[in-house]
Each structure stands twice: as C-alpha cells, then as structure tokens.
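start_30.txt follows; it contains compact mmCIF, C-alpha atoms and all ligand atoms.
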# COMPACT_ATOMS: atom_id res chain seq x y z
CA MET C 1 24.72 2.85 24.36
CA SER C 2 23.45 3.40 20.83
CA GLN C 3 19.84 2.63 20.15
CA ILE C 4 18.73 0.29 17.35
CA ILE C 5 16.85 2.27 14.67
CA PRO C 6 15.21 0.42 11.76
CA LYS C 7 16.26 2.28 8.62
CA ILE C 8 15.05 1.94 5.02
CA ILE C 9 18.19 1.36 2.95
CA GLY C 10 16.54 0.59 -0.41
CA THR C 11 13.18 0.83 -2.19
CA GLY C 12 11.78 -0.76 -5.35
CA SER C 13 8.50 -1.08 -7.22
CA TYR C 14 6.95 -2.71 -10.24
CA LEU C 15 3.82 -2.15 -12.32
CA PRO C 16 2.75 -4.74 -14.92
CA GLU C 17 3.14 -3.72 -18.53
CA LYS C 18 -0.53 -3.76 -19.55
CA ARG C 19 -2.40 -0.52 -18.87
CA LEU C 20 -6.18 -0.16 -18.70
CA SER C 21 -7.36 3.43 -19.15
CA ASN C 22 -10.64 5.01 -18.07
CA TYR C 23 -11.57 5.07 -21.76
CA ASP C 24 -10.98 1.31 -21.99
CA LEU C 25 -13.24 0.82 -18.95
CA ALA C 26 -15.96 2.99 -20.49
CA LYS C 27 -16.22 0.32 -23.20
CA MET C 28 -16.72 -2.38 -20.55
CA VAL C 29 -19.14 -0.78 -18.04
CA ASN C 30 -21.44 2.24 -17.92
CA THR C 31 -18.92 4.89 -16.89
CA THR C 32 -16.88 7.80 -18.21
CA ASP C 33 -13.33 9.10 -17.90
CA GLU C 34 -14.81 12.30 -16.47
CA TRP C 35 -16.70 10.48 -13.66
CA ILE C 36 -13.75 8.32 -12.69
CA TYR C 37 -11.19 11.13 -12.76
CA THR C 38 -13.25 13.69 -10.85
CA ARG C 39 -14.42 11.20 -8.19
CA THR C 40 -11.13 9.33 -7.70
CA GLY C 41 -8.20 11.05 -9.46
CA ILE C 42 -7.48 7.83 -11.39
CA LYS C 43 -6.63 7.87 -15.12
CA GLU C 44 -5.35 4.35 -15.62
CA ARG C 45 -4.39 1.14 -13.83
CA HIS C 46 -1.96 -1.69 -14.64
CA ILE C 47 -3.17 -5.27 -15.11
CA ALA C 48 -0.97 -8.32 -14.55
CA ALA C 49 -0.55 -10.69 -17.51
CA LYS C 50 -2.36 -14.05 -17.23
CA ASP C 51 0.79 -15.86 -16.19
CA GLU C 52 2.03 -13.08 -13.93
CA LEU C 53 1.38 -13.82 -10.26
CA THR C 54 1.48 -11.63 -7.16
CA SER C 55 4.79 -13.33 -6.25
CA ASP C 56 6.23 -12.33 -9.65
CA LEU C 57 5.34 -8.67 -9.11
CA ALA C 58 6.67 -8.90 -5.54
CA THR C 59 9.93 -10.50 -6.66
CA ILE C 60 10.67 -7.80 -9.24
CA ALA C 61 9.97 -5.01 -6.71
CA ALA C 62 12.15 -6.85 -4.17
CA GLN C 63 15.03 -7.24 -6.63
CA LYS C 64 14.93 -3.50 -7.33
CA ALA C 65 14.95 -2.70 -3.59
CA ILE C 66 17.85 -5.12 -3.03
CA GLU C 67 19.77 -3.51 -5.88
CA ALA C 68 19.05 0.02 -4.59
CA ALA C 69 20.27 -1.01 -1.13
CA GLY C 70 23.45 -2.46 -2.64
CA ILE C 71 23.11 -5.73 -0.75
CA GLU C 72 22.95 -9.44 -1.61
CA ALA C 73 19.58 -11.18 -1.27
CA SER C 74 21.41 -13.83 0.75
CA SER C 75 22.04 -11.26 3.50
CA LEU C 76 18.33 -10.87 4.31
CA ASP C 77 17.10 -12.46 7.49
CA MET C 78 13.34 -12.21 7.03
CA ILE C 79 10.74 -11.66 4.29
CA LEU C 80 7.29 -10.21 4.98
CA VAL C 81 4.72 -9.94 2.17
CA ALA C 82 1.57 -7.88 2.69
CA SER C 83 -1.16 -8.94 0.28
CA CYS C 84 -4.83 -9.83 0.04
CA THR C 85 -4.36 -11.44 -3.40
CA ASN C 86 -1.80 -14.11 -2.57
CA ASP C 87 -0.76 -16.63 -5.25
CA LEU C 88 -2.39 -19.49 -3.33
CA ILE C 89 -4.22 -20.06 -0.06
CA PHE C 90 -0.98 -21.66 1.07
CA PRO C 91 1.98 -21.63 1.07
CA ALA C 92 2.59 -17.99 1.95
CA THR C 93 3.48 -15.81 -1.03
CA ALA C 94 6.57 -14.75 0.96
CA THR C 95 7.97 -18.29 0.74
CA ILE C 96 7.37 -18.30 -3.03
CA VAL C 97 9.20 -14.96 -3.25
CA GLN C 98 12.04 -16.41 -1.16
CA ASN C 99 12.37 -19.21 -3.70
CA LYS C 100 12.15 -16.85 -6.69
CA LEU C 101 14.91 -14.72 -5.15
CA GLY C 102 17.01 -17.90 -5.02
CA ILE C 103 17.56 -17.77 -1.27
CA SER C 104 15.51 -20.73 -0.02
CA ASN C 105 18.73 -22.24 1.32
CA SER C 106 19.00 -19.38 3.78
CA LYS C 107 16.06 -20.89 5.73
CA ILE C 108 15.07 -17.39 6.88
CA PRO C 109 11.46 -16.91 8.04
CA ALA C 110 9.15 -15.72 5.27
CA TYR C 111 5.44 -15.18 5.81
CA ASP C 112 2.44 -13.11 4.73
CA ILE C 113 0.55 -10.38 6.51
CA SER C 114 -3.12 -9.76 5.80
CA ALA C 115 -4.45 -6.29 6.53
CA ALA C 116 -5.82 -5.40 3.07
CA CYS C 117 -4.84 -1.88 1.94
CA SER C 118 -3.08 -1.19 5.25
CA GLY C 119 -1.00 -4.36 4.90
CA PHE C 120 2.29 -2.66 4.06
CA ILE C 121 2.09 -0.35 7.10
CA PHE C 122 1.22 -3.36 9.31
CA ALA C 123 4.18 -5.29 7.84
CA ILE C 124 6.53 -2.33 8.45
CA SER C 125 5.28 -2.23 12.03
CA SER C 126 6.03 -5.96 12.47
CA ALA C 127 9.48 -5.53 10.94
CA GLU C 128 10.10 -2.59 13.27
CA ALA C 129 9.33 -4.78 16.29
CA TYR C 130 11.65 -7.57 15.11
CA ILE C 131 14.50 -5.13 14.50
CA ARG C 132 14.09 -3.07 17.67
CA GLY C 133 13.78 -6.33 19.64
CA GLY C 134 17.05 -7.58 18.16
CA MET C 135 15.47 -10.62 16.47
CA ALA C 136 16.36 -9.54 12.92
CA LYS C 137 18.81 -7.15 11.29
CA ARG C 138 17.73 -6.91 7.67
CA ILE C 139 14.11 -7.46 6.59
CA LEU C 140 12.58 -7.36 3.12
CA VAL C 141 9.07 -5.88 3.40
CA ILE C 142 6.84 -6.11 0.33
CA GLY C 143 3.31 -4.96 -0.55
CA ALA C 144 2.08 -6.78 -3.67
CA GLU C 145 -1.32 -7.29 -5.26
CA THR C 146 -3.13 -8.62 -8.30
CA MET C 147 -6.43 -6.92 -7.46
CA SER C 148 -7.58 -7.45 -11.07
CA ARG C 149 -8.13 -11.12 -10.16
CA ILE C 150 -10.75 -10.35 -7.48
CA VAL C 151 -12.50 -7.43 -9.14
CA ASP C 152 -15.98 -7.92 -10.56
CA TRP C 153 -15.48 -6.48 -14.04
CA ASN C 154 -19.25 -5.93 -14.35
CA ASP C 155 -19.45 -3.74 -11.24
CA ARG C 156 -18.70 -0.14 -12.23
CA SER C 157 -18.63 1.00 -8.62
CA THR C 158 -15.51 -1.08 -7.85
CA CYS C 159 -13.81 -2.21 -11.07
CA ILE C 160 -12.73 1.34 -11.93
CA LEU C 161 -10.82 1.68 -8.66
CA PHE C 162 -8.28 -1.11 -8.47
CA GLY C 163 -5.02 -2.08 -10.17
CA ASP C 164 -2.06 -4.44 -9.85
CA GLY C 165 1.46 -3.69 -8.65
CA ALA C 166 4.13 -4.20 -6.02
CA GLY C 167 6.47 -2.14 -3.88
CA ALA C 168 9.25 -3.18 -1.53
CA VAL C 169 11.70 -1.80 1.00
CA ILE C 170 14.71 -3.17 2.85
CA LEU C 171 14.62 -2.31 6.53
CA GLU C 172 17.93 -2.62 8.35
CA ALA C 173 19.04 -2.28 11.99
CA SER C 174 20.90 1.00 12.16
CA GLY C 175 21.63 3.75 14.64
CA LYS C 176 25.32 3.17 15.03
CA ASP C 177 26.23 5.81 12.45
CA GLY C 178 25.25 8.63 14.82
CA THR C 179 22.54 9.97 12.45
CA GLU C 180 18.88 10.09 13.34
CA ALA C 181 17.76 8.58 10.03
CA GLY C 182 15.27 5.76 10.31
CA LEU C 183 11.82 4.71 11.41
CA ILE C 184 10.61 6.89 14.28
CA SER C 185 7.31 5.19 15.09
CA THR C 186 4.48 3.12 13.64
CA HIS C 187 0.83 3.24 14.71
CA ILE C 188 -1.66 0.54 13.70
CA HIS C 189 -5.36 -0.03 14.45
CA SER C 190 -8.25 -2.31 13.52
CA ASP C 191 -12.02 -2.16 14.01
CA GLY C 192 -13.74 -5.39 12.96
CA SER C 193 -17.25 -4.01 13.36
CA HIS C 194 -17.06 -2.66 9.81
CA CYS C 195 -16.05 -5.91 8.09
CA SER C 196 -19.12 -6.03 5.86
CA LEU C 197 -18.59 -2.58 4.30
CA LEU C 198 -15.53 -3.72 2.37
CA GLN C 199 -14.97 -7.42 1.84
CA THR C 200 -14.73 -10.23 -0.67
CA THR C 201 -17.96 -12.03 -1.42
CA GLY C 202 -16.54 -15.48 -0.73
CA GLY C 203 -13.59 -17.28 0.74
CA VAL C 204 -12.22 -20.51 2.11
CA SER C 205 -14.20 -21.06 5.28
CA GLN C 206 -17.23 -19.10 4.14
CA GLY C 207 -17.30 -20.94 0.84
CA PRO C 208 -17.38 -19.84 -2.77
CA PRO C 209 -19.69 -17.00 -3.78
CA HIS C 210 -22.24 -16.89 -6.54
CA LEU C 211 -19.68 -16.49 -9.27
CA LYS C 212 -19.83 -13.38 -11.37
CA SER C 213 -16.62 -12.28 -12.96
CA GLY C 214 -14.38 -12.28 -9.90
CA SER C 215 -12.13 -15.14 -8.85
CA GLY C 216 -13.29 -18.43 -7.36
CA LEU C 217 -12.68 -16.95 -3.94
CA GLY C 218 -15.07 -14.08 -4.49
CA PHE C 219 -14.73 -10.54 -5.66
CA VAL C 220 -14.48 -7.12 -4.09
CA TYR C 221 -17.65 -5.75 -2.53
CA MET C 222 -17.58 -2.21 -1.18
CA GLN C 223 -20.08 0.31 0.14
CA GLY C 224 -17.92 3.08 -1.29
CA ASN C 225 -19.41 6.20 0.25
CA GLU C 226 -19.53 4.70 3.77
CA VAL C 227 -15.92 3.47 3.45
CA TYR C 228 -14.98 6.94 2.21
CA LYS C 229 -16.37 8.63 5.34
CA GLN C 230 -14.68 6.16 7.69
CA ALA C 231 -11.36 6.47 5.83
CA VAL C 232 -11.32 10.27 6.10
CA LYS C 233 -12.12 10.05 9.83
CA ALA C 234 -9.57 7.32 10.66
CA LEU C 235 -6.77 8.89 8.62
CA GLY C 236 -7.41 12.27 10.25
CA HIS C 237 -7.05 10.64 13.67
CA ILE C 238 -3.94 8.65 12.76
CA VAL C 239 -2.00 11.71 11.62
CA GLU C 240 -2.89 13.52 14.86
CA GLU C 241 -1.91 10.43 16.88
CA THR C 242 1.45 10.20 15.08
CA LEU C 243 2.25 13.89 15.57
CA GLU C 244 1.25 13.81 19.25
CA ALA C 245 3.22 10.64 19.99
CA ASN C 246 6.37 12.33 18.68
CA ASN C 247 5.68 15.82 19.95
CA LEU C 248 5.73 17.21 16.42
CA GLN C 249 3.92 20.08 14.74
CA ARG C 250 2.12 19.61 11.42
CA GLU C 251 4.50 21.89 9.54
CA GLN C 252 7.46 19.67 10.44
CA ILE C 253 6.28 16.91 8.09
CA ASP C 254 8.07 17.31 4.74
CA TRP C 255 6.20 14.67 2.73
CA LEU C 256 2.93 12.78 3.10
CA VAL C 257 3.03 9.40 1.33
CA PRO C 258 -0.60 8.26 1.53
CA HIS C 259 -2.42 5.12 0.47
CA GLN C 260 -3.42 5.83 -3.13
CA ALA C 261 -7.14 5.00 -3.11
CA ASN C 262 -8.86 8.26 -3.92
CA ILE C 263 -7.44 11.75 -4.40
CA ARG C 264 -10.33 13.26 -2.46
CA ILE C 265 -9.46 11.19 0.64
CA ILE C 266 -5.79 12.17 0.23
CA LYS C 267 -6.73 15.86 0.00
CA SER C 268 -8.74 15.61 3.24
CA THR C 269 -5.76 14.12 5.09
CA ALA C 270 -3.42 16.76 3.65
CA LYS C 271 -5.86 19.47 4.77
CA ARG C 272 -5.84 18.03 8.30
CA LEU C 273 -2.05 18.42 8.22
CA ASP C 274 -2.31 21.92 6.70
CA MET C 275 -0.17 20.60 3.85
CA GLY C 276 -0.29 21.91 0.32
CA MET C 277 -0.65 19.17 -2.31
CA ASP C 278 2.91 20.04 -3.39
CA ARG C 279 4.08 18.15 -0.28
CA VAL C 280 2.00 15.04 -1.02
CA ILE C 281 3.31 12.13 -3.11
CA LEU C 282 0.56 11.28 -5.60
CA THR C 283 0.65 8.24 -7.89
CA VAL C 284 -3.05 7.31 -7.83
CA GLU C 285 -3.58 8.79 -11.31
CA GLN C 286 -1.15 6.30 -12.87
CA HIS C 287 -2.14 3.05 -11.11
CA GLY C 288 -5.34 3.42 -9.08
CA ASN C 289 -5.77 1.56 -5.81
CA THR C 290 -3.14 -1.19 -5.66
CA SER C 291 -4.10 -2.00 -2.05
CA ALA C 292 -1.05 -3.04 0.03
CA ALA C 293 1.28 -2.07 -2.82
CA SER C 294 0.22 1.56 -3.09
CA VAL C 295 2.29 3.12 -0.28
CA PRO C 296 5.60 1.42 -1.17
CA ILE C 297 5.08 2.21 -4.87
CA ALA C 298 4.51 5.91 -4.09
CA LEU C 299 7.49 5.92 -1.72
CA ASP C 300 9.76 4.34 -4.32
CA VAL C 301 8.67 6.81 -7.02
CA ALA C 302 9.47 9.82 -4.79
CA VAL C 303 12.79 8.38 -3.59
CA ARG C 304 13.91 7.63 -7.13
CA ASP C 305 12.87 11.00 -8.59
CA GLY C 306 14.77 12.76 -5.80
CA ARG C 307 11.85 14.47 -4.05
CA ILE C 308 12.46 12.56 -0.81
CA LYS C 309 15.87 13.63 0.52
CA PRO C 310 18.03 12.68 3.50
CA GLY C 311 17.01 14.43 6.70
CA GLN C 312 13.37 14.94 5.68
CA LEU C 313 10.43 13.81 7.77
CA ILE C 314 8.10 11.43 5.89
CA LEU C 315 4.64 10.30 7.00
CA LEU C 316 3.21 7.12 5.45
CA GLU C 317 -0.46 6.28 6.06
CA ALA C 318 -3.08 3.78 4.87
CA PHE C 319 -6.65 2.64 5.43
CA GLY C 320 -8.30 -0.59 4.32
CA ALA C 321 -10.76 -3.42 4.82
CA GLY C 322 -11.38 -4.64 8.35
CA PHE C 323 -11.25 -1.74 8.93
CA THR C 324 -7.52 -1.45 9.40
CA TRP C 325 -5.48 1.73 9.37
CA GLY C 326 -2.05 2.91 10.33
CA SER C 327 0.92 5.20 9.85
CA ALA C 328 4.70 5.13 9.85
CA LEU C 329 6.86 8.17 10.55
CA ILE C 330 10.34 8.14 9.06
CA ARG C 331 13.37 10.44 9.21
CA TRP C 332 14.91 9.82 5.77
O1 LIG C 401 -8.56 1.20 -0.29
C1 LIG C 401 -9.49 0.86 0.68
C2 LIG C 401 -10.34 1.99 0.99
N1 LIG C 401 -11.22 2.29 -0.11
C3 LIG C 401 -11.50 3.53 -0.37
O2 LIG C 401 -10.92 4.39 0.24
C4 LIG C 401 -12.58 3.85 -1.34
C5 LIG C 401 -13.53 4.78 -0.69
N2 LIG C 401 -14.65 5.21 -1.53
C6 LIG C 401 -14.50 6.00 -2.61
O3 LIG C 401 -13.40 6.30 -3.01
C7 LIG C 401 -15.75 6.54 -3.27
O4 LIG C 401 -16.85 6.26 -2.43
C8 LIG C 401 -16.02 5.97 -4.68
C9 LIG C 401 -15.01 6.56 -5.65
C10 LIG C 401 -15.94 4.47 -4.66
C11 LIG C 401 -17.41 6.40 -5.17
O5 LIG C 401 -17.56 7.81 -5.13
P1 LIG C 401 -18.81 8.48 -4.43
O6 LIG C 401 -18.68 9.93 -4.64
O7 LIG C 401 -18.86 7.99 -3.00
O8 LIG C 401 -20.01 7.94 -5.28
P2 LIG C 401 -21.27 7.06 -4.83
O9 LIG C 401 -20.87 5.67 -4.54
O10 LIG C 401 -22.04 7.80 -3.77
O11 LIG C 401 -22.13 7.06 -6.17
C12 LIG C 401 -22.64 8.28 -6.74
C13 LIG C 401 -23.34 7.95 -8.03
C14 LIG C 401 -24.32 6.80 -7.93
O12 LIG C 401 -25.43 7.11 -8.77
P3 LIG C 401 -26.79 7.69 -8.16
O13 LIG C 401 -27.23 6.67 -7.16
O14 LIG C 401 -26.40 8.99 -7.52
O15 LIG C 401 -27.67 7.81 -9.35
C15 LIG C 401 -23.58 5.63 -8.51
O16 LIG C 401 -24.44 4.67 -9.06
O17 LIG C 401 -22.36 7.56 -9.01
C16 LIG C 401 -22.77 6.29 -9.60
N3 LIG C 401 -21.57 5.57 -9.96
C17 LIG C 401 -20.95 5.72 -11.16
N4 LIG C 401 -21.24 6.47 -12.22
C18 LIG C 401 -20.40 6.41 -13.27
C19 LIG C 401 -20.88 4.66 -9.23
N5 LIG C 401 -19.81 4.22 -9.92
C20 LIG C 401 -19.84 4.86 -11.11
C21 LIG C 401 -19.01 4.82 -12.25
N6 LIG C 401 -19.32 5.62 -13.28
N7 LIG C 401 -17.90 4.06 -12.30
Spell out the structure here as structure tokens.
Amino acid sequence: MSQIIPKIIGTGSYLPEKRLSNYDLAKMVNTTDEWIYTRTGIKERHIAAKDELTSDLATIAAQKAIEAAGIEASSLDMILVASCTNDLIFPATATIVQNKLGISNSKIPAYDISAACSGFIFAISSAEAYIRGGMAKRILVIGAETMSRIVDWNDRSTCILFGDGAGAVILEASGKDGTEAGLISTHIHSDGSHCSLLQTTGGVSQGPPHLKSGSGLGFVYMQGNEVYKQAVKALGHIVEETLEANNLQREQIDWLVPHQANIRIIKSTAKRLDMGMDRVILTVEQHGNTSAASVPIALDVAVRDGRIKPGQLILLEAFGAGFTWGSALIRW
C-alpha cells in the first residue's frame, strides 16, 4: 500500500514595494549601516503601505503559490496562516485570506497559528499531520507579517531588525507517483520559561502598554544578546535531532533554508552542519527578519531561481518568541 507523503507543489512570496535601507534608519535612530550590516547581515527591509494589511501580503503570496502549483484556489481544502501581526484580534487572518482568494463558498477550515518566527514551521507541521492522517489533501500554508506595525521606531536595538513580507506553499497529499519527493519529517518545540526575553509590551488580556511608537497592542521588546545565545543553542540541537531521526549524515543535506533573523546565527547553524555558506539560502540582506514569513520567502526565492532542484534534500529551520523552534526536512 502506498504511503501518503505531503509534498510541496507550489511556492510564492511577496515583499511590499517600499524599501527602508540602513541609511534611511540612520536618519531615524542612532545607528549606522556598518553596525547593522556587520551585526545582522541586513541591508534593507520592506515596509507595507498604510492600507496594506497582513492578509493582503498573504493573499498575494498565496496567489503566486497557487499559480506555481497550477491549481485552482477552489481545490484547496484548508488554509493555515502563521502570523504574530494578524489584521485583527479576530477573525483569523486565514478567513480574511479565504475571502480575498474568493473561495469563502468552499467552507473549508481556515485558521491562524501563533508561534512567532517559528510559525511557518509549526503550520507546516500541522498541515503534515492533517495530510498524513487523511483529513486533508491540499493545504495552503502561509507565513505573513507586518512587523513594521509593532516595532518601536525609537528603539535602535529592535527597529533595525524587522521587515514585512509573506511566503506561501501548497502542500498536497502525494506518494502515489512512486517518487520519494515530499516532506520527510517535522520537529517542533517550545519552552515558555523564556517568554519575557522576546515579547510584545502589551496585548489583549494584559492590556495596552505605555504607548511609544508601536501599535496599540504593544511593540517588540527583545533582550537581543540572550535571545541570540538561545537561538544558536536550540537551532544546533534541532538540526542534530532532525538528522538523527532520519538516520542521515550532515553532508547529505543539499540546502539549509534558515529563518532569516541574523546572518551570524545562520552561520553558526551552518557550521554545526559542516555546510559551506554556498549551500545556505540567504535572503536576510534584502528583507531583514520577517518573522513567520522569512522561511517561505527564502524557500520561494531559491525554488524560483533554480537552486533548489528535484531530488535534493532541504532542511528548513526557525527560532522565535516563546521560545519556539522547529525544523522541516524535505526531499524536493
Ligand atoms: O527572530 C526571532 C529571534 N531573534 C533573533 O534571533 C535576534 C537575536 N539577536 C540578535 O540578532 C543580536 O543580539 C542583535 C543583532 C539584536 C544585537 O547584536 P549584539 O551583538 O547582540 O549586540 P548587543 O545587543 O550586545 O549590543 C552591543 C552594543 C550595545 O552598546 P554597548 O552597551 O556595548 O555600549 C548596544 O547599545 O551595540 C549597541 N547597539 C547599537 N549600536 C548601533 C544596539 N543596537 C544598535 C544599533 N546601532 N542599531
């Protein structure tokens, strides 16, 4: 009997038109292009227009993924949106995306997943479970963020890091074609004891913060160097866990597609895998940390420019607030 394998059949991504360079930021806060680039690898980030919402970014990325997969939106049977900058507290951004895709009539389940920067990996893991369990055949998984709305534009230690964007994939039940292509395994973890190191300063239940320049629901607060250490540690462990679970050697991984937060963190993970940076997909320079959107954006870029090829082994990984972290191993 053939096994069900969730397979990515299309990818898409979108970055808002407006770009904010390190030089632009140096006019806003006490920083320099040199500091930002050497500490993070970021040169610029994209900022959503005033009337552009997370659901708009998500919908464009989704449309591109649907087009790449060569399917009709009406054939989807679930939508998952990973985001920590949803349009509204409710309804879920995924339902808004469903409507913007013109498929509300389908009545398919659409809901959001909240795991900050690891959100896309967590959403892929959920989609994997639905597909392997036979509850869904074709799932649209999106990571989308308007981080610019919750950044304190007076705080140089955080405002230089984040950007807006969206990435999407279509995951489909496969395995009947006799090829091995598809999702091999996902691995996800959380450790809530570190909540206070990376969080928003306000929220719904906790109440509004002392407003600075972030949104009414608070702005990003991060103890950067502590988060950095924990990220390097957790990501090191997750790559080992993924290799061990699948009885693989480091050199068998063709491409690392990491969360694009900081090039120094990415280099540490690549080192743990004994991978040269020529086998790492890097987009952090062009868009900074787009939280849940960063992994699917990087994946889409490398699929479209032809670096990721059929048969290759791809390792996705991410780390974010919570802390949350995870990986997904894919035979392309
Ligand atoms: O996506 C979720 C996970 N998030 C992350 O992975 C982010 C993890 N953290 C990081 O990437 C890094 O910690 C940062 C890039 C945020 C900061 O780099 P760092 O090397 O850890 O710097 P630091 O926070 O230890 O600060 C070093 C110095 C400080 O000055 P003093 O105290 O040494 O005088 C900061 O005040 O750099 C100063 N600084 C800046 N200087 C110029 C902080 N931000 C800036 C800035 N421009 N933008």
Under the rule of at most 7 Å, produce a per-residue listing of chain C near ligand LIG 401 (chain C): chain, number, name, the closest pair of atoms, and the distance in Å, as a tab-separated table, using all atoms listed in the file.
residue	atom	partner	partner_atom	distance
C:Asn30	CA	C:LIG401	N6	6.1
C:Thr31	CA	C:LIG401	N6	3.7
C:Thr32	CA	C:LIG401	N6	5.9
C:Trp35	CA	C:LIG401	C18	5.5
C:Ile36	CA	C:LIG401	N7	6.0
C:Arg39	CA	C:LIG401	C9	5.3
C:Thr40	CA	C:LIG401	C9	5.2
C:Cys117	CA	C:LIG401	O1	5.3
C:Arg156	CA	C:LIG401	N7	4.3
C:Ser157	CA	C:LIG401	N5	3.7
C:Thr158	CA	C:LIG401	C10	6.4
C:Ile160	CA	C:LIG401	N7	5.9
C:Gly224	CA	C:LIG401	O4	3.5
C:Asn225	CA	C:LIG401	O4	3.7
C:Glu226	CA	C:LIG401	O4	6.9
C:Val227	CA	C:LIG401	C5	5.0
C:Tyr228	CA	C:LIG401	C5	3.9
C:Ala231	CA	C:LIG401	O2	6.0
C:Ala261	CA	C:LIG401	O1	4.9
C:Asn262	CA	C:LIG401	O3	5.0
C:Ile265	CA	C:LIG401	O2	7.0
C:Asn289	CA	C:LIG401	O1	6.2
C:Ser291	CA	C:LIG401	O1	5.8
C:Phe319	CA	C:LIG401	C2	5.8
C:Gly320	CA	C:LIG401	C1	4.1
C:Ala321	CA	C:LIG401	C1	6.1
Radius query 10 Å about (0.6, -16.2, 8.9), atoms used: all atoms listed in the file, as a PyMOL selection string
chain C and resi 80+90-92+110-114
What does the structure give for the distance between CA of Ile79 (chain C) and CA of Gly133 (chain C), in Å to one decimal?
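About the pair CA of Ile79 (chain C) and CA of Gly133 (chain C): they are 16.5 Å apart.
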Which of these, C:Thr269, C:Phe323, C:Ile89, C:Gln206, has the shortest distance to His194 (chain C) once you count all atoms listed in the file?
C:Phe323
Need the shell around region 299-316 of chain C: protein/DNA/RNA residues with any atom at most 8 Å away, counting only C-alpha atoms. Skip same-chain ones fewer than 4 positions apart. Format as a ChimeraX atom specification?
/C:11-13,121,167,181,252-259,281,295,327-332
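With all atoms listed in the file as the atoms that count, the minimum distance from Ile184 (chain C) to the choices C:Ile124, C:Ile103, C:Met147, C:Ile66 is reached by C:Ile124.
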Compile the contact shell of Arg132 (chain C) as an MDAnalysis selection string: residues with an atom at most 7 Å away, counting all atoms listed in the file, same-chain residues fewer than 2 positions apart removed.
chainID C and resid 4:6 128:130 134
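The two atoms in question, CA of Ala292 (chain C) and CA of Thr85 (chain C), are spaced 9.7 Å apart.
Every protein, DNA or RNA residue with an atom at most 12 Å from Lys27 (chain C), where all atoms listed in the file count and chain neighbours fewer than 6 positions away do not, is listed here: C:Leu20, C:Ser21, C:Asp33, C:Trp153, C:Asn154, C:Arg156, C:Ile160.
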note - CA of Ile170 (chain C) and CA of His189 (chain C) are separated by 23.4 Å
Provide an axis-aligned box for all listed atoms of region 238-250 of chain C, padding each side by 8 Å; report its centre and its edge lengths in Å to one decimal, as JSON.
{"center_x": 1.2, "center_y": 14.4, "center_z": 15.7, "size_x": 26.3, "size_y": 27.4, "size_z": 24.6}
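Summary of the local environment: counting all atoms listed in the file, residues at most 10 Å from His187 (chain C), other than itself and those fewer than 5 positions away along its chain, are Ile121, Phe122, Ser125, Ile238, Val239, Glu241, Thr242, Ala245, Glu317, Trp325, Gly326, Ser327, Ala328 and Leu329 of chain C.
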Using all atoms listed in the file, what does the table of region 190-297 of chain C residues within 12 Å of region 49-63 of chain C look like, with each row giving the shortest atom pair and its distance in Å to one decimal, sorted by chain and ascending number, as a Markdown table?
| residue | atom | partner | partner_atom | distance |
| --- | --- | --- | --- | --- |
| C:Thr290 | CA | C:Thr54 | CA | 11.5 |
| C:Ala292 | CA | C:Ala58 | CA | 11.2 |
| C:Ala293 | CA | C:Ala58 | CA | 9.1 |
| C:Pro296 | CA | C:Ala61 | CA | 9.5 |
| C:Ile297 | CA | C:Ala61 | CA | 8.9 |
Given the selection you just returned, output its residues as a file containing C-alpha atoms, formatted as a compact mmCIF listing (two decimals), keeping the file's coordinate frame.
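Output below, filename result_10.txt:
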# COMPACT_ATOMS: atom_id res chain seq x y z
CA THR C 290 -3.14 -1.19 -5.66
CA ALA C 292 -1.05 -3.04 0.03
CA ALA C 293 1.28 -2.07 -2.82
CA PRO C 296 5.60 1.42 -1.17
CA ILE C 297 5.08 2.21 -4.87
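A distance cut-off of 8 Å around (-16.5, -9.1, 0.4), counting all atoms listed in the file, selects these protein and nucleic acid residues: Ser196, Leu197, Leu198, Gln199, Thr200, Thr201, Gly202, Gly218, Phe219, Val220, Tyr221 and Met222 of chain C.
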Select, from C:Arg279, C:Gly70, C:Ile188, C:Gln286, the residue with the minimum atom-to-atom distance to Leu235 (chain C), counting only C-alpha atoms.
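Closest candidate: C:Ile188.
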Considering only C-alpha atoms, can you say which of C:Leu76, C:Ile150, C:Ala168, C:Leu15 comes closest to Ala136 (chain C)?
C:Leu76
I'd like to know which of C:Lys107, C:His237, C:Arg45, C:Lys7 is closest to Ser294 (chain C), using all atoms listed in the file.
C:Arg45
